[in-house]
file my_file_6.txt (compact mmCIF, C-alpha atoms and all ligand atoms)
# COMPACT_ATOMS: atom_id res chain seq x y z
CA MET A 1 -139.53 9.12 -39.24
CA ASN A 2 -137.79 8.45 -35.97
CA SER A 3 -134.31 9.65 -35.32
CA ALA A 4 -131.76 8.50 -32.81
CA ILE A 5 -128.50 9.21 -31.18
CA LEU A 6 -126.28 6.23 -30.49
CA THR A 7 -124.63 5.59 -27.15
CA MET A 8 -122.23 2.74 -26.42
CA ASP A 9 -121.45 1.74 -22.86
CA ASP A 10 -118.51 0.05 -21.14
CA PHE A 11 -116.00 1.58 -23.56
CA PRO A 12 -113.27 0.96 -24.51
CA SER A 13 -112.60 -2.56 -25.76
CA LYS A 14 -110.10 -4.24 -28.02
CA ASN A 15 -112.69 -3.90 -30.71
CA THR A 16 -113.19 -0.14 -30.35
CA PRO A 17 -111.19 1.00 -33.41
CA ALA A 18 -113.24 -1.27 -35.69
CA ILE A 19 -116.48 0.11 -34.22
CA VAL A 20 -115.25 3.69 -34.63
CA ASP A 21 -114.26 3.06 -38.26
CA TYR A 22 -117.66 1.59 -39.04
CA LEU A 23 -119.52 4.48 -37.40
CA ASN A 24 -117.44 7.03 -39.29
CA GLU A 25 -118.09 5.23 -42.53
CA LYS A 26 -121.82 5.59 -41.76
CA LYS A 27 -121.34 9.19 -40.55
CA ILE A 28 -122.67 8.31 -37.10
CA LYS A 29 -121.21 10.30 -34.23
CA ALA A 30 -121.78 8.38 -31.00
CA ILE A 31 -121.27 8.95 -27.32
CA PHE A 32 -119.09 6.24 -25.80
CA PHE A 33 -119.57 5.95 -22.05
CA ALA A 34 -116.23 4.91 -20.63
CA ILE A 35 -115.33 2.84 -17.62
CA GLY A 36 -112.21 4.53 -16.21
CA ARG A 37 -110.26 1.34 -15.60
CA ASN A 38 -111.10 0.06 -19.09
CA ILE A 39 -109.42 3.18 -20.50
CA GLU A 40 -106.29 2.37 -18.52
CA ARG A 41 -106.35 -1.11 -20.02
CA TYR A 42 -107.14 -0.12 -23.62
CA TYR A 43 -105.58 3.32 -23.79
CA GLU A 44 -104.68 3.31 -27.48
CA GLU A 45 -108.15 2.12 -28.42
CA ALA A 46 -109.73 4.89 -26.34
CA ALA A 47 -107.43 7.49 -27.90
CA TYR A 48 -108.40 6.24 -31.35
CA ALA A 49 -112.06 6.98 -30.67
CA VAL A 50 -111.38 10.54 -29.50
CA LYS A 51 -109.01 11.24 -32.38
CA ASN A 52 -111.64 10.03 -34.79
CA GLY A 53 -114.41 12.30 -33.64
CA MET A 54 -116.36 10.30 -31.08
CA ILE A 55 -117.57 11.82 -27.82
CA VAL A 56 -116.41 10.04 -24.70
CA GLY A 57 -118.47 10.35 -21.52
CA ASN A 58 -118.13 9.09 -17.96
CA HIS A 59 -119.57 5.70 -16.92
CA SER A 60 -117.74 5.61 -13.54
CA TYR A 61 -114.30 4.21 -12.74
CA SER A 62 -115.18 0.62 -11.88
CA HIS A 63 -118.86 0.17 -12.83
CA PRO A 64 -120.48 -0.34 -9.42
CA ALA A 65 -124.20 -0.14 -8.63
CA PHE A 66 -124.41 3.39 -7.26
CA SER A 67 -127.33 2.66 -4.91
CA SER A 68 -125.04 0.31 -2.98
CA LEU A 69 -122.48 3.06 -2.32
CA PRO A 70 -122.34 5.94 0.16
CA MET A 71 -122.35 9.39 -1.45
CA ALA A 72 -118.59 9.93 -0.99
CA ALA A 73 -117.82 6.71 -2.83
CA CYS A 74 -120.19 7.68 -5.66
CA ILE A 75 -118.32 10.96 -6.11
CA GLN A 76 -115.01 9.15 -6.01
CA GLU A 77 -116.16 6.77 -8.76
CA ILE A 78 -117.22 9.72 -10.92
CA GLU A 79 -114.16 11.84 -10.28
CA SER A 80 -111.64 9.03 -10.76
CA CYS A 81 -113.12 8.44 -14.19
CA GLU A 82 -113.07 12.21 -14.89
CA ARG A 83 -109.34 12.29 -14.16
CA VAL A 84 -108.70 9.42 -16.57
CA LEU A 85 -110.79 11.14 -19.24
CA ASP A 86 -109.10 14.52 -18.74
CA LYS A 87 -105.70 12.85 -19.11
CA LEU A 88 -106.79 11.01 -22.23
CA TYR A 89 -107.98 14.21 -23.93
CA GLN A 90 -104.89 16.09 -22.77
CA ASP A 91 -102.51 13.42 -24.09
CA ILE A 92 -104.14 13.66 -27.48
CA GLY A 93 -104.29 17.43 -27.42
CA ALA A 94 -108.06 17.42 -27.82
CA LYS A 95 -110.34 19.80 -25.98
CA ARG A 96 -112.96 18.20 -23.77
CA THR A 97 -116.01 20.32 -24.44
CA VAL A 98 -118.78 18.14 -22.98
CA ARG A 99 -119.05 15.93 -19.92
CA PRO A 100 -121.98 13.55 -20.19
CA PHE A 101 -122.46 10.85 -17.56
CA ARG A 102 -124.29 7.54 -17.50
CA PHE A 103 -124.89 5.44 -14.40
CA PRO A 104 -123.79 1.80 -14.57
CA TYR A 105 -126.96 -0.36 -14.90
CA GLY A 106 -129.03 2.84 -15.05
CA ASP A 107 -128.86 2.77 -11.23
CA LYS A 108 -129.33 6.41 -10.26
CA GLY A 109 -127.99 6.08 -6.75
CA GLY A 110 -131.00 5.21 -4.58
CA GLU A 111 -131.21 7.56 -1.63
CA ASN A 112 -128.41 9.71 -3.09
CA LYS A 113 -130.27 10.33 -6.32
CA ALA A 114 -131.15 13.99 -5.70
CA ALA A 115 -127.70 14.76 -4.29
CA LEU A 116 -126.03 13.20 -7.31
CA GLN A 117 -128.13 15.23 -9.74
CA ARG A 118 -127.19 18.35 -7.80
CA TYR A 119 -123.54 17.31 -7.98
CA PHE A 120 -123.78 16.97 -11.79
CA ARG A 121 -125.40 20.42 -12.07
CA GLU A 122 -122.81 22.09 -9.89
CA ASN A 123 -119.79 20.39 -11.44
CA GLY A 124 -120.13 21.09 -15.12
CA PHE A 125 -121.69 17.87 -16.41
CA HIS A 126 -123.76 18.05 -19.57
CA LYS A 127 -127.24 16.81 -20.28
CA VAL A 128 -127.88 15.23 -23.67
CA ASP A 129 -130.54 17.22 -25.50
CA ASP A 130 -133.72 15.17 -25.03
CA THR A 131 -136.23 17.85 -25.94
CA GLN A 132 -137.59 15.75 -28.79
CA ILE A 133 -138.22 12.70 -26.62
CA THR A 134 -141.96 12.85 -26.14
CA TYR A 135 -142.80 9.55 -24.44
CA PRO A 136 -144.92 10.30 -21.35
CA TRP A 137 -142.87 7.91 -19.19
CA TRP A 138 -139.74 9.93 -19.93
CA LYS A 139 -141.24 12.89 -18.07
CA GLU A 140 -143.12 10.85 -15.50
CA ASN A 141 -139.79 9.48 -14.29
CA GLY A 142 -138.06 12.84 -14.29
CA LEU A 143 -135.69 11.79 -17.09
CA ASP A 144 -136.34 15.12 -18.81
CA THR A 145 -134.68 16.98 -15.94
CA ASP A 146 -132.03 14.46 -14.85
CA ILE A 147 -128.54 15.37 -16.01
CA ASP A 148 -127.32 11.80 -16.52
CA THR A 149 -128.01 10.10 -19.84
CA PHE A 150 -130.71 7.42 -19.75
CA TRP A 151 -131.96 5.66 -22.90
CA THR A 152 -135.17 4.88 -24.75
CA PHE A 153 -134.04 1.58 -26.27
CA ASP A 154 -131.55 -1.00 -25.05
CA PHE A 155 -130.51 -3.59 -27.63
CA MET A 156 -129.53 -5.89 -24.73
CA GLU A 157 -127.05 -7.48 -27.10
CA TYR A 158 -124.75 -7.88 -24.07
CA LYS A 159 -126.89 -10.89 -23.17
CA ILE A 160 -125.68 -12.82 -26.20
CA ARG A 161 -123.40 -15.19 -24.32
CA PRO A 162 -122.65 -18.92 -24.42
CA ASN A 163 -125.71 -20.88 -23.29
CA SER A 164 -127.69 -17.75 -22.38
CA GLY A 165 -130.43 -18.61 -24.83
CA PHE A 166 -130.33 -14.96 -25.86
CA THR A 167 -129.26 -14.69 -29.48
CA ARG A 168 -129.07 -12.38 -32.45
CA GLU A 169 -132.72 -13.28 -33.07
CA SER A 170 -133.66 -12.13 -29.58
CA VAL A 171 -132.21 -8.70 -30.33
CA TRP A 172 -134.01 -8.77 -33.65
CA GLU A 173 -137.30 -9.44 -31.86
CA ARG A 174 -136.68 -6.57 -29.50
CA MET A 175 -136.02 -4.26 -32.41
CA HIS A 176 -139.29 -5.28 -34.01
CA ASP A 177 -141.39 -5.35 -30.88
CA ALA A 178 -144.27 -3.04 -31.68
CA ASN A 179 -145.17 -2.69 -28.03
CA PRO A 180 -142.05 -2.81 -25.92
CA GLU A 181 -142.75 -2.93 -22.22
CA LEU A 182 -139.71 -0.86 -21.45
CA GLY A 183 -138.58 1.89 -23.75
CA ALA A 184 -140.19 2.67 -27.06
CA ALA A 185 -140.80 1.05 -30.44
CA LEU A 186 -138.10 1.64 -33.00
CA PHE A 187 -140.29 1.31 -36.06
CA PRO A 188 -143.46 3.37 -35.76
CA ARG A 189 -145.32 1.88 -38.70
CA ALA A 190 -145.08 -1.61 -37.33
CA MET A 191 -146.27 -0.34 -34.01
CA SER A 192 -149.42 1.33 -35.26
CA GLN A 193 -150.40 -1.72 -37.31
CA ALA A 194 -149.61 -4.43 -34.83
CA PRO A 195 -152.28 -5.80 -32.55
CA CYS A 196 -151.31 -6.03 -28.91
CA LEU A 197 -151.29 -9.67 -27.92
CA HIS A 198 -150.06 -9.16 -24.39
CA GLU A 199 -147.47 -11.82 -25.01
CA HIS A 200 -144.05 -10.38 -24.64
CA LYS A 201 -142.16 -13.45 -23.62
CA THR A 202 -138.78 -12.33 -24.83
CA ASN A 203 -139.20 -8.98 -23.23
CA ARG A 204 -140.27 -10.38 -19.90
CA VAL A 205 -136.71 -11.62 -19.53
CA GLY A 206 -135.41 -8.20 -20.41
CA LEU A 207 -137.98 -6.57 -18.18
CA ALA A 208 -136.97 -8.60 -15.16
CA ASN A 209 -133.40 -7.67 -15.82
CA ALA A 210 -134.21 -4.01 -16.25
CA ALA A 211 -136.33 -4.01 -13.12
CA ARG A 212 -133.45 -5.52 -11.21
CA VAL A 213 -130.78 -3.12 -12.32
CA ASN A 214 -132.72 0.10 -12.75
CA THR A 215 -133.35 0.23 -9.06
CA ASN A 216 -134.29 3.84 -9.09
CA VAL A 217 -136.50 3.94 -12.11
CA SER A 218 -139.96 3.57 -10.69
CA LYS A 219 -141.96 0.42 -11.21
CA ARG A 220 -144.52 2.64 -12.90
CA HIS A 221 -142.08 3.31 -15.68
CA ILE A 222 -141.55 -0.37 -16.16
CA SER A 223 -145.13 -1.54 -15.90
CA LEU A 224 -147.05 1.42 -17.26
CA GLY A 225 -144.58 2.90 -19.65
CA ALA A 226 -144.55 2.68 -23.40
CA HIS A 227 -146.27 -0.70 -23.28
CA GLN A 228 -149.69 0.41 -22.10
CA GLY A 229 -149.51 3.59 -24.12
CA SER A 230 -148.99 1.70 -27.32
CA CYS A 231 -151.49 -1.02 -26.36
CA ALA A 232 -154.06 1.71 -26.02
CA ALA A 233 -153.07 2.96 -29.46
CA ALA A 234 -153.49 -0.51 -30.92
CA TYR A 235 -156.99 -0.66 -29.49
CA GLY A 236 -157.88 2.68 -30.97
CA GLY A 237 -157.39 4.57 -27.76
CA VAL A 238 -154.63 7.10 -27.19
CA ILE A 239 -152.93 8.03 -30.43
CA ASP A 240 -149.28 7.29 -29.97
CA SER A 241 -147.83 6.96 -33.42
CA GLY A 242 -144.25 7.21 -32.22
CA GLU A 243 -143.39 9.06 -35.39
CA ASN A 244 -140.86 11.84 -35.42
CA ASN A 245 -139.68 10.77 -32.06
CA ARG A 246 -136.16 10.86 -30.79
CA HIS A 247 -134.39 7.81 -29.42
CA ILE A 248 -131.35 7.42 -27.29
CA LEU A 249 -130.09 3.97 -28.26
CA LEU A 250 -127.96 1.87 -25.95
CA MET A 251 -125.42 -0.67 -27.17
CA HIS A 252 -122.26 -1.93 -25.49
CA ALA A 253 -118.62 -2.13 -26.49
CA HIS A 254 -118.04 -5.73 -25.41
CA ASP A 255 -115.39 -7.95 -26.93
CA GLU A 256 -117.36 -10.95 -25.61
CA THR A 257 -120.28 -10.01 -27.87
CA GLU A 258 -117.90 -9.65 -30.81
CA GLU A 259 -116.71 -13.21 -30.19
CA MET A 260 -120.27 -14.52 -30.21
CA LEU A 261 -121.50 -12.43 -33.12
CA PRO A 262 -118.76 -10.84 -35.24
CA GLU A 263 -119.50 -7.20 -36.10
CA TYR A 264 -122.67 -7.29 -33.99
CA TYR A 265 -122.88 -3.47 -34.03
CA LYS A 266 -122.93 -3.54 -37.81
CA VAL A 267 -125.61 -6.22 -37.92
CA PHE A 268 -128.01 -4.13 -35.83
CA ILE A 269 -127.17 -0.61 -37.01
CA GLU A 270 -127.33 -1.65 -40.66
CA HIS A 271 -130.84 -2.91 -40.05
CA LEU A 272 -131.92 0.35 -38.44
CA LEU A 273 -130.54 2.32 -41.38
CA GLU A 274 -132.30 0.06 -43.88
CA ASN A 275 -135.54 0.73 -42.06
CA GLY A 276 -135.13 4.45 -42.36
CA LEU A 277 -134.04 5.36 -38.86
CA THR A 278 -131.78 8.40 -39.07
CA PHE A 279 -128.87 9.08 -36.74
CA GLU A 280 -128.24 12.54 -35.39
CA GLU A 281 -125.21 14.11 -33.87
CA PRO A 282 -125.62 14.28 -30.09
CA ARG A 283 -126.38 17.75 -28.82
CA PHE A 284 -126.25 18.97 -25.28
CA VAL A 285 -128.25 21.40 -23.19
ZN ZN A 301 -122.26 -0.29 -18.23
call {"tool": "encode", "arguments": {"input": "my_file_6.txt", "output": "structure tokens"}}
result
Amino acid sequence: MNSAILTMDDFPSKNTPAIVDYLNEKKIKAIFFAIGRNIERYYEEAAYAVKNGMIVGNHSYSHPAFSSLPMAACIQEIESCERVLDKLYQDIGAKRTVRPFRFPYGDKGGENKAALQRYFRENGFHKVDDTQITYPWWKENGLDTDIDTFWTFDFMEYKIRPNSGFTRESVWERMHDANPELGAALFPRAMSQAPCLHEHKTNRVGLANAARVNTNVSKRHISLGAHQGSCAAAYGGVIDSGENNRHILLMHAHDETEEMLPEYYKVFIEHLLENGLTFEEPRFV
């Protein structure tokens, strides 16, 4: 059975304490990737998450696309958020033992990519343990050596907005897509039984979006990633059962999503649990 760690981006929000309470009730320890200025705005909510056992990582100070910034500005974005996080932990009297980082939009910094990875290595940032992620595209794109935290599955629930046409059902479809074009199937049994129809209309929207924002993830990842691997499996080619694989799940702490779909996190996580996905405590290497 597949297992996963949960990450939630754009933390914190007004809704954070409710999310934290739900996760604790389900014994799920998540990594919340914080936007520095959001912490300044929702300080109590951020403190609540730390006090209640969640890990808070760095998601930059103001959520820019790193490939559009010179190196010095990238570092400033990272370090400004670090200062806010250090203060938060200090105020609470909690020890900050790990420093994970996630790039806004998964944008790894364009021409500064290598320099940024070196910066993370030399400045005490922590890599989430991904040793059990076995998808070929994970390695092909160097995600197994990058220090920042990428993901294997994005719920894309942040697209549930007025008149977007993207709804709870769209997320549902993504969760049950046996052959996702980007990322990996959540439910291995469905994947091995499903024929590949080469019709991934819902995902095409997501794919275009991912291709736009993940400027430094190669096109090969997007076009030849999990999709073709699992298509081959469906046609009796490469055996890619997806079983016993590790996921890094990506959801977002957005009050706007809460307004559209109350307790959205519960709706989706509950479904994963019912289908036997197990959550693990994040570990770091
Ligand atoms: Zn973000």
call {"tool": "residues_near_ligand", "arguments": {"input": "my_file_6.txt", "ligand": "ligand ZN 301 (chain A)", "cutoff": "6 Å", "atoms": "only C-alpha atoms and all ligand atoms", "output": "list in words"}}
result
Asp9, Asp10, Pro104 and Tyr105 of chain A
call {"tool": "residues_near_point", "arguments": {"input": "my_file_6.txt", "point": "(-129.4, -11.9, -26.7)", "cutoff": "12 Å", "atoms": "only C-alpha atoms", "output": "PyMOL selection string"}}
result
chain A and resi 154-175+202-203+205-206+251+257+260-261+264
call {"tool": "closest_atom_pairs", "arguments": {"input": "my_file_6.txt", "of": "region 15-77 of chain A", "to": "region 122-128 of chain A", "cutoff": "10 Å", "atoms": "all atoms listed in the file", "output": "Markdown table"}}
result
| residue | atom | partner | partner_atom | distance |
| --- | --- | --- | --- | --- |
| A:Ile31 | CA | A:Val128 | CA | 9.8 |
| A:Gly57 | CA | A:His126 | CA | 9.5 |
| A:Asn58 | CA | A:Phe125 | CA | 9.6 |
call {"tool": "atom_distance", "arguments": {"input": "my_file_6.txt", "atom1": "CA of Tyr43 (chain A)", "atom2": "CA of Gly93 (chain A)"}}
result
14.6 Å
call {"tool": "closest_residue", "arguments": {"input": "my_file_6.txt", "among": "A:Asp129, A:Glu263, A:Asp91, A:Glu82", "to": "Ile19 (chain A)", "atoms": "only C-alpha atoms"}}
result
A:Glu263
call {"tool": "closest_residue", "arguments": {"input": "my_file_6.txt", "among": "A:Glu280, A:Glu111, A:Asp144, A:Glu259", "to": "Ser68 (chain A)", "atoms": "all atoms listed in the file"}}
result
A:Glu111
call {"tool": "atom_distance", "arguments": {"input": "my_file_6.txt", "atom1": "CA of His176 (chain A)", "atom2": "CA of Ala30 (chain A)"}}
result
22.4 Å
call {"tool": "atom_distance", "arguments": {"input": "my_file_6.txt", "atom1": "CA of Leu273 (chain A)", "atom2": "CA of Phe101 (chain A)"}}
result
26.6 Å
call {"tool": "residues_near_point", "arguments": {"input": "my_file_6.txt", "point": "(-124.6, 16.4, -7.0)", "cutoff": "12 Å", "atoms": "all atoms listed in the file", "output": "list in words"}}
result
Met71, Ala72, Cys74, Ile75, Ile78, Glu79, Lys108, Gly109, Asn112, Lys113, Ala114, Ala115, Leu116, Gln117, Arg118, Tyr119, Phe120, Arg121, Glu122, Asn123, Gly124, Phe125, Asp146, Ile147 and Asp148 of chain A
call {"tool": "closest_residue", "arguments": {"input": "my_file_6.txt", "among": "A:Trp137, A:Glu45, A:Tyr265, A:Thr97", "to": "Trp151 (chain A)", "atoms": "all atoms listed in the file"}}
result
A:Trp137
call {"tool": "closest_residue", "arguments": {"input": "my_file_6.txt", "among": "A:Ala47, A:Phe103, A:Phe187, A:Asp255", "to": "Asn15 (chain A)", "atoms": "only C-alpha atoms"}}
result
A:Asp255
call {"tool": "residues_around", "arguments": {"input": "my_file_6.txt", "residues": "Ile92 (chain A)", "least_positions_apart": "4", "cutoff": "9 Å", "atoms": "all atoms listed in the file", "output": "list in words"}}
result
Ala47, Val50, Lys51, Lys87 and Leu88 of chain A
call {"tool": "residues_around", "arguments": {"input": "my_file_6.txt", "residues": "Asn245 (chain A)", "least_positions_apart": "5", "cutoff": "8 Å", "atoms": "only C-alpha atoms", "output": "list in words"}}
result
Met1, Asn2, Ser3, Gln132, Ile133 and Thr134 of chain A
call {"tool": "residues_around", "arguments": {"input": "my_file_6.txt", "residues": "Met54 (chain A)", "least_positions_apart": "5", "cutoff": "9 Å", "atoms": "all atoms listed in the file", "output": "PDB file with C-alpha atoms, in the frame of the given file"}}
result
ATOM      1  CA  VAL A  20    -115.250   3.690 -34.630  1.00  0.00           C
ATOM      2  CA  ASN A  24    -117.440   7.030 -39.290  1.00  0.00           C
ATOM      3  CA  ILE A  28    -122.670   8.310 -37.100  1.00  0.00           C
ATOM      4  CA  LYS A  29    -121.210  10.300 -34.230  1.00  0.00           C
ATOM      5  CA  ALA A  30    -121.780   8.380 -31.000  1.00  0.00           C
ATOM      6  CA  ILE A  31    -121.270   8.950 -27.320  1.00  0.00           C
ATOM      7  CA  PHE A  32    -119.090   6.240 -25.800  1.00  0.00           C
ATOM      8  CA  TYR A  48    -108.400   6.240 -31.350  1.00  0.00           C
ATOM      9  CA  ALA A  49    -112.060   6.980 -30.670  1.00  0.00           C
TER      10      ALA A  49
END
call {"tool": "closest_residue", "arguments": {"input": "my_file_6.txt", "among": "A:Glu44, A:Asp86, A:Glu140, A:Asp130", "to": "Lys14 (chain A)", "atoms": "all atoms listed in the file"}}
result
A:Glu44
call {"tool": "closest_residue", "arguments": {"input": "my_file_6.txt", "among": "A:Ala185, A:Leu272, A:Ala73, A:Val98", "to": "Phe284 (chain A)", "atoms": "only C-alpha atoms"}}
result
A:Val98
call {"tool": "axis_aligned_box", "arguments": {"input": "my_file_6.txt", "around": "region 28-31 of chain A", "padding_each_side": "4 Å", "output": "lines of an AutoDock Vina configuration file"}}
result
center_x = -121.9
center_y = 9.3
center_z = -32.2
size_x = 9.5
size_y = 10.0
size_z = 17.8
